[in-house]
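Okay, model-v1.cif now, which holds mmCIF, C-alpha atoms and all ligand atoms:
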data_data
loop_
_atom_site.label_atom_id
_atom_site.label_comp_id
_atom_site.auth_asym_id
_atom_site.auth_seq_id
_atom_site.Cartn_x
_atom_site.Cartn_y
_atom_site.Cartn_z
CA GLU F 107 -1.85 -9.76 12.50
CA TYR F 108 0.99 -9.37 9.96
CA ARG F 109 -0.38 -12.37 8.05
CA ASP F 110 -4.07 -11.47 8.45
CA ILE F 111 -3.51 -7.98 7.07
CA ALA F 112 -1.38 -9.34 4.21
CA ALA F 113 -4.12 -11.85 3.39
CA ARG F 114 -6.78 -9.15 3.41
CA LEU F 115 -4.66 -6.87 1.19
CA ALA F 116 -4.16 -9.78 -1.21
CA GLU F 117 -7.93 -10.32 -1.29
CA ILE F 118 -8.54 -6.65 -2.10
CA ALA F 119 -5.62 -6.92 -4.59
CA ILE F 120 -5.25 -3.17 -5.17
CA ILE F 121 -4.05 -0.72 -2.55
CA PRO F 122 -4.77 2.95 -3.32
CA VAL F 123 -1.70 4.99 -2.35
CA ILE F 124 -3.07 8.29 -1.15
CA LYS F 125 -1.58 11.72 -0.60
CA LEU F 126 -3.99 14.00 1.19
CA ASP F 127 -3.26 17.71 1.55
CA ASN F 128 -6.42 18.36 3.51
CA PRO F 129 -7.98 15.99 6.06
CA GLU F 130 -11.41 17.22 4.96
CA HIS F 131 -10.93 15.15 1.84
CA ALA F 132 -10.45 11.95 3.82
CA SER F 133 -14.14 11.09 4.25
CA PRO F 134 -15.36 11.67 0.70
CA LEU F 135 -12.32 9.80 -0.58
CA ALA F 136 -12.87 6.79 1.68
CA GLU F 137 -16.54 6.80 0.74
CA ALA F 138 -15.68 6.72 -2.97
CA LEU F 139 -13.25 3.84 -2.46
CA GLU F 140 -15.70 1.86 -0.38
CA LYS F 141 -18.52 2.39 -2.86
CA ALA F 142 -16.22 1.26 -5.65
CA GLY F 143 -15.49 -2.01 -3.86
CA LEU F 144 -11.91 -1.02 -3.14
CA PRO F 145 -11.88 -0.94 0.66
CA ALA F 146 -8.20 -0.19 1.33
CA ALA F 147 -6.21 2.98 1.86
CA GLU F 148 -2.49 3.54 2.25
CA VAL F 149 -2.35 7.12 3.45
CA THR F 150 1.15 8.46 2.93
CA PHE F 151 3.10 10.55 5.42
CA ARG F 152 4.11 12.87 2.61
CA THR F 153 1.85 15.52 4.06
CA ASP F 154 0.96 16.81 7.50
CA ALA F 155 -2.62 15.71 6.88
CA ALA F 156 -1.71 12.01 7.04
CA ALA F 157 -2.28 11.26 10.73
CA ARG F 158 -5.58 13.14 10.98
CA SER F 159 -6.78 11.58 7.71
CA ILE F 160 -5.98 8.08 8.97
CA GLU F 161 -7.89 8.86 12.15
CA ILE F 162 -10.95 10.04 10.23
CA ILE F 163 -11.02 7.06 7.86
CA SER F 164 -10.43 4.54 10.65
CA GLU F 165 -13.23 5.98 12.74
CA LYS F 166 -15.83 6.60 10.08
CA PHE F 167 -15.06 3.74 7.69
CA PRO F 168 -14.24 0.64 9.72
CA GLY F 169 -14.73 -1.45 6.57
CA VAL F 170 -11.82 0.28 4.85
CA LEU F 171 -8.49 -1.31 5.73
CA THR F 172 -6.40 1.76 6.50
CA GLY F 173 -2.64 1.90 6.81
CA ALA F 174 0.19 4.39 6.62
CA GLY F 175 2.59 4.73 3.72
CA THR F 176 5.89 6.54 3.15
CA VAL F 177 6.72 5.96 6.82
CA LEU F 178 10.31 7.14 7.26
CA THR F 179 10.68 7.59 11.02
CA ILE F 180 9.70 5.84 14.22
CA ASP F 181 7.77 8.96 15.24
CA GLN F 182 5.66 8.49 12.13
CA VAL F 183 5.05 4.84 13.06
CA LYS F 184 3.84 5.97 16.48
CA SER F 185 1.66 8.70 15.03
CA ALA F 186 0.20 6.30 12.43
CA VAL F 187 -0.62 3.62 15.00
CA ASP F 188 -2.08 6.17 17.44
CA SER F 189 -4.30 7.40 14.60
CA GLY F 190 -5.61 3.92 13.90
CA ALA F 191 -3.38 2.69 11.08
CA ARG F 192 -3.57 -1.09 10.82
CA PHE F 193 -0.33 -1.45 8.87
CA ILE F 194 2.87 0.38 8.04
CA VAL F 195 4.47 0.64 4.60
CA SER F 196 7.80 2.24 3.82
CA PRO F 197 9.52 2.86 0.49
CA GLY F 198 12.78 1.28 1.64
CA PHE F 199 14.07 -1.20 4.16
CA ASN F 200 14.86 0.77 7.30
CA PRO F 201 16.05 -1.79 9.88
CA ARG F 202 15.17 0.47 12.82
CA ILE F 203 11.60 0.96 11.66
CA VAL F 204 11.22 -2.72 10.81
CA ASP F 205 12.59 -3.87 14.17
CA TYR F 206 10.45 -1.36 16.04
CA CYS F 207 7.32 -2.71 14.34
CA VAL F 208 8.23 -6.40 14.52
CA ASP F 209 9.03 -6.13 18.24
CA ARG F 210 5.58 -4.65 18.88
CA GLY F 211 3.56 -6.82 16.54
CA ILE F 212 2.76 -3.91 14.21
CA PRO F 213 2.27 -5.23 10.66
CA VAL F 214 5.04 -3.70 8.54
CA TYR F 215 5.66 -4.07 4.82
CA PRO F 216 9.02 -2.47 4.01
CA GLY F 217 10.06 -1.74 0.47
CA VAL F 218 12.79 -3.67 -1.30
CA ASN F 219 13.91 -3.97 -4.89
CA ASN F 220 16.84 -6.35 -4.64
CA PRO F 221 17.88 -9.69 -3.12
CA SER F 222 19.78 -8.06 -0.22
CA GLY F 223 16.61 -6.34 0.91
CA ILE F 224 14.66 -9.58 0.69
CA GLU F 225 17.23 -11.39 2.82
CA ALA F 226 17.27 -8.65 5.46
CA ALA F 227 13.49 -9.01 5.65
CA LEU F 228 13.52 -12.81 5.78
CA GLU F 229 15.95 -12.65 8.67
CA ARG F 230 13.29 -10.71 10.57
CA GLY F 231 10.54 -13.15 9.68
CA LEU F 232 8.96 -10.96 7.01
CA ASP F 233 8.06 -12.54 3.70
CA VAL F 234 5.44 -10.13 2.38
CA LEU F 235 7.24 -7.05 1.13
CA LYS F 236 6.61 -3.96 -0.89
CA PHE F 237 8.45 -3.97 -4.22
CA PHE F 238 9.29 -0.36 -4.97
CA PRO F 239 9.69 1.40 -7.35
CA ALA F 240 8.23 -1.47 -9.32
CA GLU F 241 8.36 -0.36 -12.95
CA ALA F 242 11.70 1.47 -12.71
CA SER F 243 13.25 -1.51 -10.91
CA GLY F 244 12.52 -3.91 -13.76
CA GLY F 245 8.84 -4.53 -13.21
CA ILE F 246 7.27 -7.94 -13.21
CA LYS F 247 10.25 -9.44 -15.04
CA MET F 248 12.49 -8.44 -12.14
CA ILE F 249 10.04 -9.81 -9.57
CA ASN F 250 9.79 -13.16 -11.30
CA ALA F 251 13.56 -13.47 -11.80
CA MET F 252 14.39 -12.35 -8.28
CA SER F 253 11.82 -14.59 -6.61
CA ALA F 254 13.16 -17.91 -7.85
CA PRO F 255 15.52 -18.45 -4.88
CA TYR F 256 12.96 -17.25 -2.32
CA GLY F 257 9.95 -19.51 -2.90
CA LYS F 258 7.52 -18.08 -0.39
CA VAL F 259 8.23 -14.36 -0.60
CA LYS F 260 5.34 -12.30 -1.95
CA PHE F 261 5.35 -8.71 -3.09
CA MET F 262 3.03 -5.75 -3.01
CA ALA F 263 4.26 -4.02 -6.14
CA THR F 264 4.05 -0.24 -6.27
CA GLY F 265 5.47 2.56 -8.36
CA GLY F 266 4.41 3.07 -11.98
CA ILE F 267 1.51 0.64 -11.82
CA ASN F 268 -1.75 1.56 -13.52
CA ALA F 269 -4.75 0.07 -15.31
CA SER F 270 -2.62 -0.98 -18.28
CA ASN F 271 -0.01 -3.07 -16.46
CA LEU F 272 -1.85 -4.07 -13.26
CA ILE F 273 -2.89 -7.50 -14.45
CA SER F 274 0.58 -8.47 -15.65
CA TYR F 275 1.68 -8.10 -12.02
CA LEU F 276 -1.29 -9.76 -10.38
CA GLU F 277 -0.88 -12.80 -12.62
CA SER F 278 2.48 -13.57 -11.07
CA PRO F 279 2.48 -16.13 -8.26
CA TYR F 280 4.99 -13.87 -6.48
CA VAL F 281 2.69 -10.85 -6.33
CA ALA F 282 0.23 -10.57 -3.46
CA ALA F 283 -1.21 -7.19 -4.41
CA CYS F 284 -0.44 -3.98 -6.29
CA GLY F 285 -0.39 -0.47 -4.93
CA GLY F 286 -0.72 2.75 -6.80
CA SER F 287 -2.00 6.26 -7.00
CA TRP F 288 -3.49 6.12 -10.48
CA MET F 289 -7.10 6.10 -9.23
CA VAL F 290 -6.50 8.62 -6.43
CA LYS F 291 -4.34 11.26 -8.11
CA GLY F 292 -3.71 14.36 -6.05
CA ASP F 293 -5.35 16.71 -8.54
CA LEU F 294 -8.56 14.63 -8.47
CA ILE F 295 -8.62 14.72 -4.67
CA ASN F 296 -7.81 18.42 -4.40
CA SER F 297 -10.43 19.38 -6.96
CA GLY F 298 -13.06 17.26 -5.23
CA LYS F 299 -13.55 14.88 -8.16
CA PHE F 300 -14.59 11.96 -5.99
CA ASP F 301 -16.97 10.66 -8.67
CA GLU F 302 -14.02 10.32 -11.01
CA ILE F 303 -12.03 8.56 -8.28
CA GLU F 304 -14.91 6.17 -7.77
CA LYS F 305 -15.11 5.52 -11.52
CA LEU F 306 -11.38 4.82 -11.83
CA SER F 307 -11.57 2.56 -8.79
CA VAL F 308 -14.53 0.63 -10.18
CA GLU F 309 -12.54 0.18 -13.39
CA ALA F 310 -9.54 -1.12 -11.47
CA VAL F 311 -11.67 -3.58 -9.51
CA GLY F 312 -13.27 -4.68 -12.78
CA LEU F 313 -9.86 -5.51 -14.24
CA VAL F 314 -9.08 -7.78 -11.32
CA LYS F 315 -12.40 -9.59 -11.60
CA THR F 316 -12.06 -10.41 -15.31
C1 LIG V 401 4.29 4.70 -3.36
O1 LIG V 401 4.69 5.43 -2.46
O2 LIG V 401 3.91 3.55 -3.16
C2 LIG V 401 4.35 5.20 -4.77
O3 LIG V 401 4.82 6.49 -4.83
C3 LIG V 401 3.09 5.07 -5.56
O4 LIG V 401 3.52 4.98 -6.85
P1 LIG V 401 2.68 5.55 -8.06
O5 LIG V 401 2.34 6.97 -7.72
O6 LIG V 401 3.59 5.43 -9.25
O7 LIG V 401 1.45 4.69 -8.21
#
Translate this file's structure into structure tokens.
Amino acid sequence: EYRDIAARLAEIAIIPVIKLDNPEHASPLAEALEKAGLPAAEVTFRTDAAARSIEIISEKFPGVLTGAGTVLTIDQVKSAVDSGARFIVSPGFNPRIVDYCVDRGIPVYPGVNNPSGIEAALERGLDVLKFFPAEASGGIKMINAMSAPYGKVKFMATGGINASNLISYLESPYVAACGGSWMVKGDLINSGKFDEIEKLSVEAVGLVKT
């Protein structure tokens, strides 16, 4: 499952990182993403609406690969999985969360931005990792330099990625996918601008195709 989800995320290439304040926005948002050809959602536990939103998207949009982001506690892992999340993403490498997920076969992609984090992950059999915060941690240059000793590790880069630097990441053999909020900004969601979200998502997908 860990590998299947990673492979599917790599195929989709872009993972919208979503912060929902109101679960009523979950459906129109998922619909916009699906219509745009961007069928993935990392719904972050930065708001109380996360679990309910994951539940709604998982139920109504089975074609959208839905996971939980910003997972900081084991309770959040449980809540995410109960709500239908197919994968767990965290900003850092929390050994308790990682072990909890690995022991139960829950796909988990912890965040790292240095070799020590990579080695802690490798020791637990994980070689697809979030690289966060990507731009502030040295961006694609850092990923390429850091990857040399760890041939098979691949990153889902997130943090400061947008339409202008996306491709420089995806071109790297060490990058599996990129995550970001640039096409699903909170103000667009909260003001109901789902057409704009769809347009930005179509644009992002277009960049990957060319
Ligand atoms: C995350 O949690 O992955 C990031 O906060 C998303 O980063 P971005 O908002 O810079 O795209």
Taking only residues of chain F that have an atom at most 9 Å from an atom of ligand LIG 401 (chain V), what is each one's shortest atom pair and its distance in Å to one decimal, using only C-alpha atoms and all ligand atoms, in chain and number order, as a tab-separated table?
residue	atom	partner	partner_atom	distance
F:Pro122	CA	V:LIG401	O7	8.1
F:Val123	CA	V:LIG401	C3	5.8
F:Ile124	CA	V:LIG401	C3	8.2
F:Glu148	CA	V:LIG401	O2	8.4
F:Thr150	CA	V:LIG401	O1	7.1
F:Gly175	CA	V:LIG401	O1	6.6
F:Thr176	CA	V:LIG401	O1	5.8
F:Val195	CA	V:LIG401	O2	8.3
F:Ser196	CA	V:LIG401	O1	7.7
F:Pro197	CA	V:LIG401	O1	6.2
F:Gly217	CA	V:LIG401	O2	8.9
F:Lys236	CA	V:LIG401	O2	8.3
F:Phe237	CA	V:LIG401	O2	8.8
F:Phe238	CA	V:LIG401	O2	6.9
F:Pro239	CA	V:LIG401	C2	7.0
F:Ala240	CA	V:LIG401	O6	8.3
F:Glu241	CA	V:LIG401	O6	8.4
F:Ala263	CA	V:LIG401	O2	8.1
F:Thr264	CA	V:LIG401	O2	4.9
F:Gly265	CA	V:LIG401	O4	3.5
F:Gly266	CA	V:LIG401	O6	3.7
F:Ile267	CA	V:LIG401	O7	5.4
F:Asn268	CA	V:LIG401	O7	6.9
F:Gly285	CA	V:LIG401	O2	6.1
F:Gly286	CA	V:LIG401	O7	3.2
F:Ser287	CA	V:LIG401	O7	4.0
F:Trp288	CA	V:LIG401	O7	5.6
F:Met289	CA	V:LIG401	O7	8.7
F:Lys291	CA	V:LIG401	O5	7.9
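Between Val208 of chain F and the residues F:Val183, F:Ile224, F:Ala132, F:Ala191, the shortest atom-to-atom distance, using only C-alpha atoms, involves F:Val183.
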Q.
Which residue is closest to Pro145 of chain F? Choose from F:Glu304, F:Arg210, F:Asp205, F:Ser274 and count all atoms listed in the file.
A. F:Glu304
Q) Quick one, how far is atom CA of Phe151 of chain F from atom CA of Leu235 of chain F? A) 18.6 Å
Q: Take atom CA of Leu144 of chain F and atom CA of Lys258 of chain F and report the distance between them in Å, one decimal.
A: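 Between atom CA of Leu144 of chain F and atom CA of Lys258 of chain F the gap is 26.0 Å.
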Q: Around the point (-4.2, 5.9, 6.0), in the coordinates given by the file, pick out the residues reaching within 12 Å, counting only C-alpha atoms, and return them as a ChimeraX atom specification.
A: /F:121-126,129,132-133,135-136,145-153,155-165,167-168,170-177,182-183,185-195
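With distances restricted to only C-alpha atoms, F:Gly169 is the closest residue to Lys141 of chain F from F:Ile120, F:Gly169, F:Val204, F:Lys184.
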Q. Between F:Ala282, F:Ala269, F:Ala113, F:Leu232, which has the minimum distance to Ser307 of chain F (counting all atoms listed in the file)?
A.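 For Ser307 of chain F, the nearest of the given residues is F:Ala269.
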Q: Please identify all polymer residues within 8 Å of Ala119 of chain F, counting only C-alpha atoms, omitting same-chain residues fewer than 3 positions from it, and present them as a ChimeraX atom specification.
A: /F:115-116,276,282-284,314
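Computed from the coordinates, the atom CA of Glu229 of chain F to atom CA of Tyr256 of chain F distance equals 12.3 Å.
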Near-Asn250 of chain F list (9 Å; all atoms listed in the file; drop same-chain fewer than 3 positions) as a JSON list (two decimals) with C-alpha atoms, in the frame of the given file:
[["chain", "number", "residue", "atom", "x", "y", "z"],
["F", 245, "GLY", "CA", 8.84, -4.53, -13.21],
["F", 246, "ILE", "CA", 7.27, -7.94, -13.21],
["F", 247, "LYS", "CA", 10.25, -9.44, -15.04],
["F", 253, "SER", "CA", 11.82, -14.59, -6.61],
["F", 254, "ALA", "CA", 13.16, -17.91, -7.85],
["F", 278, "SER", "CA", 2.48, -13.57, -11.07],
["F", 279, "PRO", "CA", 2.48, -16.13, -8.26],
["F", 280, "TYR", "CA", 4.99, -13.87, -6.48],
["F", 281, "VAL", "CA", 2.69, -10.85, -6.33]]
Taking all atoms of segment 126-135 of chain F that the file lists, what box with edges along x, y and z, padded by 3 Å per side, do you get, with centre and edge lengths in Å to one decimal, as lines of an AutoDock Vina configuration file?
center_x = -9.3
center_y = 14.1
center_z = 2.7
size_x = 18.1
size_y = 14.6
size_z = 12.6
Q: Can you pull out every residue within 12 Å of Ala226 of chain F, counting only C-alpha atoms, but drop anything in the same chain fewer than 4 positions away, and send it as a list in words?
A: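 In the requested format, the answer is Gly198, Phe199, Asn200, Pro201, Arg202, Val204, Asp205, Pro216, Gly217, Val218, Asn219, Asn220, Pro221, Ser222, Arg230, Gly231, Leu232, Asp233 and Leu235 of chain F.
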Q. Counting only C-alpha atoms, which of F:Leu139, F:Thr316, F:Leu294, F:Ile303 gets nearest to Glu277 of chain F?
A.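 With only C-alpha atoms as the atom set, the closest residue is F:Thr316.
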